[in-house]
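Have a look at the structure below, then the notes.
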Amino acid sequence: MRYDLTDLRLFLHILTEGSITAGAHRMHLSLPSASARVRSLEHHAGVALLIRGRRGVRPTPAGTTLARHARDVLDRTARLESAVASYTRPPAAPLILLGGGSAMHRLVPQALISFLRDHPDTDVTASESRTPRTERKLADGEADLGVVLDDETGGCGLRTEPLGDDSLVVIGQAGGILAGRTALTYREAAEHPLVGLDADSSLRRWIEKHLGPHAPAVRHRTTVTDLGVLISLAAAGAGLAVVPRRAIDPRQSLEVCELQERWARRRHLLAWGVTDRSTSTATATLAEHLRQAARSDPPDRSAHGDNLGRSPFHDC
């Protein structure tokens, strides 16, 4: 048995409004036309769907069942029409989002998950890029948004805004050599075996630039390309590691110590490109998702009282 979609929509409006007259008004139909459609619907169903009274109408048990399935049919139809329509529209150029290795580990993925879910018609190309290169691309109109570090921004005249903390910490195995420490310098950390990122990674190059020519000799037990792998190695006791605090998964059991050097205190900025889309709704919305992701820091670890058990993070 086939049902007309217009009849199903009318039936649901009638139930919502409680009268055939009001339902007809919402469908921009005359009352006689709406009444005829309801009678036709009942005829096809072979059973009464509405109980008519002086104060309006209400569904019969069969009408309640029809309404439930009608909502499902109309919802599926809407999704089908949307999916097919996406192929008839000329595809818009994807937004271009750039960020350093730290931002691309957790901040950007968190923002992309929510943005792409909420905006299925907008695509995003996200790429890792160090701050100087990101600024050049933003200034040249080759990118729409970028996550950059505050101490590396130049005089490009770009629009920027504070986004969040990206300070560096030293991490190691829970209960390991960092236990009981409050803070330490990079030189002290380098007295122990380290695990680190590959020499070409943006974070490794950033650290070495600030250490300068008098950097302490470091024994890297291994180097990897992925920040998540690096944190897992440190948690397993392979060596200490220097990582952004916000890159740490709060579910991992780790010792986390502040790094005393001033250069370890750094912040992310959100930078806007000079593209024609810089003022578009899509760009502004992606920026807001980045702000929300930046605000979703792990909970304050000091809030875990003794009676709640030991926090997964064990600050030095």
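Chain labels follow the order of the structure tokens: the first chain is A, the next B, and so on; residue numbering restarts at 1 in every chain, and ligands are counted from 1 in their shown order.
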Could you write out, as a PDB file with N, CA and C atoms, in the first residue's frame, all the residues of stretch 69-213 of chain A that DSSP marks as strand (DSSP E)?
```pdb
ATOM      1  N   LEU A  95      37.557  24.702   2.961  1.00  0.00           N
ATOM      2  CA  LEU A  95      38.295  25.642   3.804  1.00  0.00           C
ATOM      3  C   LEU A  95      39.689  25.068   4.055  1.00  0.00           C
ATOM      4  N   ILE A  96      40.672  25.945   4.117  1.00  0.00           N
ATOM      5  CA  ILE A  96      42.062  25.537   4.359  1.00  0.00           C
ATOM      6  C   ILE A  96      42.438  25.931   5.781  1.00  0.00           C
ATOM      7  N   LEU A  97      42.785  24.936   6.596  1.00  0.00           N
ATOM      8  CA  LEU A  97      43.166  25.146   7.991  1.00  0.00           C
ATOM      9  C   LEU A  97      44.573  24.607   8.201  1.00  0.00           C
ATOM     10  N   LEU A  98      45.452  25.426   8.753  1.00  0.00           N
ATOM     11  CA  LEU A  98      46.832  25.040   9.000  1.00  0.00           C
ATOM     12  C   LEU A  98      47.128  25.113  10.498  1.00  0.00           C
ATOM     13  N   GLY A  99      48.022  24.245  10.970  1.00  0.00           N
ATOM     14  CA  GLY A  99      48.415  24.259  12.377  1.00  0.00           C
ATOM     15  C   GLY A  99      49.704  23.496  12.584  1.00  0.00           C
ATOM     16  N   VAL A 124      36.834  20.590   4.712  1.00  0.00           N
ATOM     17  CA  VAL A 124      38.009  21.267   5.287  1.00  0.00           C
ATOM     18  C   VAL A 124      39.261  20.482   4.930  1.00  0.00           C
ATOM     19  N   THR A 125      40.270  21.185   4.449  1.00  0.00           N
ATOM     20  CA  THR A 125      41.591  20.595   4.254  1.00  0.00           C
ATOM     21  C   THR A 125      42.491  21.085   5.383  1.00  0.00           C
ATOM     22  N   ALA A 126      42.894  20.173   6.257  1.00  0.00           N
ATOM     23  CA  ALA A 126      43.733  20.521   7.408  1.00  0.00           C
ATOM     24  C   ALA A 126      45.131  19.955   7.193  1.00  0.00           C
ATOM     25  N   SER A 127      46.157  20.801   7.367  1.00  0.00           N
ATOM     26  CA  SER A 127      47.529  20.379   7.124  1.00  0.00           C
ATOM     27  C   SER A 127      48.440  20.907   8.227  1.00  0.00           C
ATOM     28  N   GLU A 128      49.483  20.116   8.525  1.00  0.00           N
ATOM     29  CA  GLU A 128      50.470  20.560   9.505  1.00  0.00           C
ATOM     30  C   GLU A 128      51.410  21.568   8.862  1.00  0.00           C
ATOM     31  N   LEU A 145      42.349  29.806   7.819  1.00  0.00           N
ATOM     32  CA  LEU A 145      42.592  29.914   9.253  1.00  0.00           C
ATOM     33  C   LEU A 145      43.891  29.191   9.586  1.00  0.00           C
ATOM     34  N   GLY A 146      44.537  29.630  10.643  1.00  0.00           N
ATOM     35  CA  GLY A 146      45.736  28.955  11.096  1.00  0.00           C
ATOM     36  C   GLY A 146      45.850  29.015  12.606  1.00  0.00           C
ATOM     37  N   VAL A 147      46.421  27.971  13.189  1.00  0.00           N
ATOM     38  CA  VAL A 147      46.736  27.958  14.620  1.00  0.00           C
ATOM     39  C   VAL A 147      48.240  28.134  14.727  1.00  0.00           C
ATOM     40  N   VAL A 148      48.666  29.273  15.291  1.00  0.00           N
ATOM     41  CA  VAL A 148      50.082  29.630  15.328  1.00  0.00           C
ATOM     42  C   VAL A 148      50.529  29.846  16.767  1.00  0.00           C
ATOM     43  N   LEU A 149      51.856  29.893  16.957  1.00  0.00           N
ATOM     44  CA  LEU A 149      52.427  30.136  18.282  1.00  0.00           C
ATOM     45  C   LEU A 149      52.713  31.616  18.468  1.00  0.00           C
ATOM     46  N   ARG A 159      45.030  39.256  11.323  1.00  0.00           N
ATOM     47  CA  ARG A 159      44.107  39.295  12.457  1.00  0.00           C
ATOM     48  C   ARG A 159      44.329  38.044  13.295  1.00  0.00           C
ATOM     49  N   THR A 160      44.611  38.229  14.577  1.00  0.00           N
ATOM     50  CA  THR A 160      44.822  37.095  15.470  1.00  0.00           C
ATOM     51  C   THR A 160      44.030  37.291  16.756  1.00  0.00           C
ATOM     52  N   GLU A 161      43.842  36.187  17.469  1.00  0.00           N
ATOM     53  CA  GLU A 161      43.183  36.233  18.772  1.00  0.00           C
ATOM     54  C   GLU A 161      43.729  35.101  19.629  1.00  0.00           C
ATOM     55  N   PRO A 162      43.795  35.287  20.950  1.00  0.00           N
ATOM     56  CA  PRO A 162      44.274  34.205  21.827  1.00  0.00           C
ATOM     57  C   PRO A 162      43.373  32.989  21.708  1.00  0.00           C
ATOM     58  N   LEU A 163      43.995  31.807  21.679  1.00  0.00           N
ATOM     59  CA  LEU A 163      43.225  30.580  21.518  1.00  0.00           C
ATOM     60  C   LEU A 163      43.359  29.658  22.721  1.00  0.00           C
ATOM     61  N   GLY A 164      44.566  29.526  23.257  1.00  0.00           N
ATOM     62  CA  GLY A 164      44.717  28.645  24.409  1.00  0.00           C
ATOM     63  C   GLY A 164      46.169  28.390  24.751  1.00  0.00           C
ATOM     64  N   ASP A 165      46.374  27.803  25.915  1.00  0.00           N
ATOM     65  CA  ASP A 165      47.720  27.503  26.396  1.00  0.00           C
ATOM     66  C   ASP A 165      48.311  26.327  25.628  1.00  0.00           C
ATOM     67  N   LEU A 168      54.857  23.725  27.469  1.00  0.00           N
ATOM     68  CA  LEU A 168      55.529  22.437  27.435  1.00  0.00           C
ATOM     69  C   LEU A 168      55.786  21.909  28.836  1.00  0.00           C
ATOM     70  N   VAL A 169      55.714  20.596  28.984  1.00  0.00           N
ATOM     71  CA  VAL A 169      55.990  19.928  30.253  1.00  0.00           C
ATOM     72  C   VAL A 169      56.873  18.720  29.975  1.00  0.00           C
ATOM     73  N   VAL A 170      57.445  18.188  31.050  1.00  0.00           N
ATOM     74  CA  VAL A 170      58.217  16.954  30.963  1.00  0.00           C
ATOM     75  C   VAL A 170      57.354  15.839  31.525  1.00  0.00           C
ATOM     76  N   ILE A 171      57.268  14.739  30.819  1.00  0.00           N
ATOM     77  CA  ILE A 171      56.446  13.625  31.273  1.00  0.00           C
ATOM     78  C   ILE A 171      57.284  12.358  31.381  1.00  0.00           C
ATOM     79  N   GLY A 172      56.842  11.477  32.248  1.00  0.00           N
ATOM     80  CA  GLY A 172      57.513  10.199  32.428  1.00  0.00           C
ATOM     81  C   GLY A 172      56.565   9.193  33.046  1.00  0.00           C
ATOM     82  N   GLN A 173      57.058   7.994  33.240  1.00  0.00           N
ATOM     83  CA  GLN A 173      56.244   6.899  33.774  1.00  0.00           C
ATOM     84  C   GLN A 173      55.754   7.228  35.184  1.00  0.00           C
ATOM     85  N   ALA A 183      59.312  20.759  39.611  1.00  0.00           N
ATOM     86  CA  ALA A 183      59.638  21.319  38.302  1.00  0.00           C
ATOM     87  C   ALA A 183      61.096  20.993  38.019  1.00  0.00           C
ATOM     88  N   LEU A 184      61.481  21.121  36.775  1.00  0.00           N
ATOM     89  CA  LEU A 184      62.883  20.904  36.420  1.00  0.00           C
ATOM     90  C   LEU A 184      63.194  21.621  35.126  1.00  0.00           C
ATOM     91  N   LEU A 194      65.909  10.190  26.891  1.00  0.00           N
ATOM     92  CA  LEU A 194      64.686  10.806  26.400  1.00  0.00           C
ATOM     93  C   LEU A 194      64.122  10.010  25.231  1.00  0.00           C
ATOM     94  N   VAL A 195      62.862  10.210  24.985  1.00  0.00           N
ATOM     95  CA  VAL A 195      62.246   9.817  23.723  1.00  0.00           C
ATOM     96  C   VAL A 195      61.746  11.112  23.097  1.00  0.00           C
ATOM     97  N   GLY A 196      61.865  11.215  21.781  1.00  0.00           N
ATOM     98  CA  GLY A 196      61.516  12.483  21.152  1.00  0.00           C
ATOM     99  C   GLY A 196      60.904  12.303  19.786  1.00  0.00           C
ATOM    100  N   LEU A 197      60.564  13.441  19.191  1.00  0.00           N
ATOM    101  CA  LEU A 197      60.031  13.444  17.839  1.00  0.00           C
ATOM    102  C   LEU A 197      61.175  13.502  16.830  1.00  0.00           C
TER     103      LEU A 197
END
```
Q: Write down as a PyMOL selection string the residues belonging to stretch 231-304 of chain A that are assigned helix (DSSP H, G or I) by DSSP computed on the backbone.
A: chain A and resi 231-235+245-247+262-264+281-295+301-303
**Q.** Atom-to-atom span, atom CA of A:Ala199 and atom CA of A:Gly176, Å
**A.**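 Separation between atom CA of A:Ala199 and atom CA of A:Gly176: 26.3 Å.
Between atom CA of A:Val47 and atom CA of A:Ile20 the separation is 17.8 Å.
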List every residue of stretch 57-123 of chain A that has an atom at most 12 Å from any atom of stretch 217-236 of chain A, and for each one report the closest atom pair and its distance in Å to one decimal, counting only C-alpha atoms, with rows sorted by chain and then by increasing residue number, as JSON lines.
```
{"residue": "A:Gly100", "atom": "CA", "partner": "A:Leu227", "partner_atom": "CA", "distance": 11.6}
{"residue": "A:Gly101", "atom": "CA", "partner": "A:Leu227", "partner_atom": "CA", "distance": 7.9}
{"residue": "A:Ser102", "atom": "CA", "partner": "A:Leu227", "partner_atom": "CA", "distance": 7.7}
{"residue": "A:Ala103", "atom": "CA", "partner": "A:Leu227", "partner_atom": "CA", "distance": 10.6}
{"residue": "A:Met104", "atom": "CA", "partner": "A:Leu227", "partner_atom": "CA", "distance": 9.5}
{"residue": "A:His105", "atom": "CA", "partner": "A:Leu227", "partner_atom": "CA", "distance": 6.7}
{"residue": "A:Arg106", "atom": "CA", "partner": "A:Gly228", "partner_atom": "CA", "distance": 9.2}
```
Output file for the residues above (C-alpha atoms, as a PDB file, in the first residue's frame):
```
ATOM      1  CA  GLY A 100      51.643  23.115  13.981  1.00  0.00           C
ATOM      2  CA  GLY A 101      52.306  19.609  15.221  1.00  0.00           C
ATOM      3  CA  SER A 102      50.944  20.332  18.689  1.00  0.00           C
ATOM      4  CA  ALA A 103      47.693  21.807  17.380  1.00  0.00           C
ATOM      5  CA  MET A 104      47.220  18.962  14.902  1.00  0.00           C
ATOM      6  CA  HIS A 105      47.477  16.329  17.647  1.00  0.00           C
ATOM      7  CA  ARG A 106      44.320  17.080  19.667  1.00  0.00           C
TER       8      ARG A 106
END
```
**Q.** Residues near stretch 274-276 of chain A, cut-off 8 Å, only C-alpha atoms, skip fewer than 5 positions along chain, as a list in words
**A.**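 What passes the distance filter is Leu138, Ala139, Asp140, Gly141, Glu142, Ala143, Asp144 and Leu158 of chain A.
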(Q) Need to verify the contact set: stretch 49-64 of chain A, 10 Å, only C-alpha atoms, exclusion of same-chain residues closer than 2 positions in sequence. Can you return it as a PyMOL selection string? (A) chain A and resi 11-12+14-22+38-39+41-43+45-47+66-70
Q: Mind checking which residues fall within 10 Å of stretch 208-213 of chain A, counting only C-alpha atoms, ignoring those fewer than 6 positions away in the same chain, and posting them as an MDAnalysis selection string?
A: chainID A and resid 186:187 199 261:264
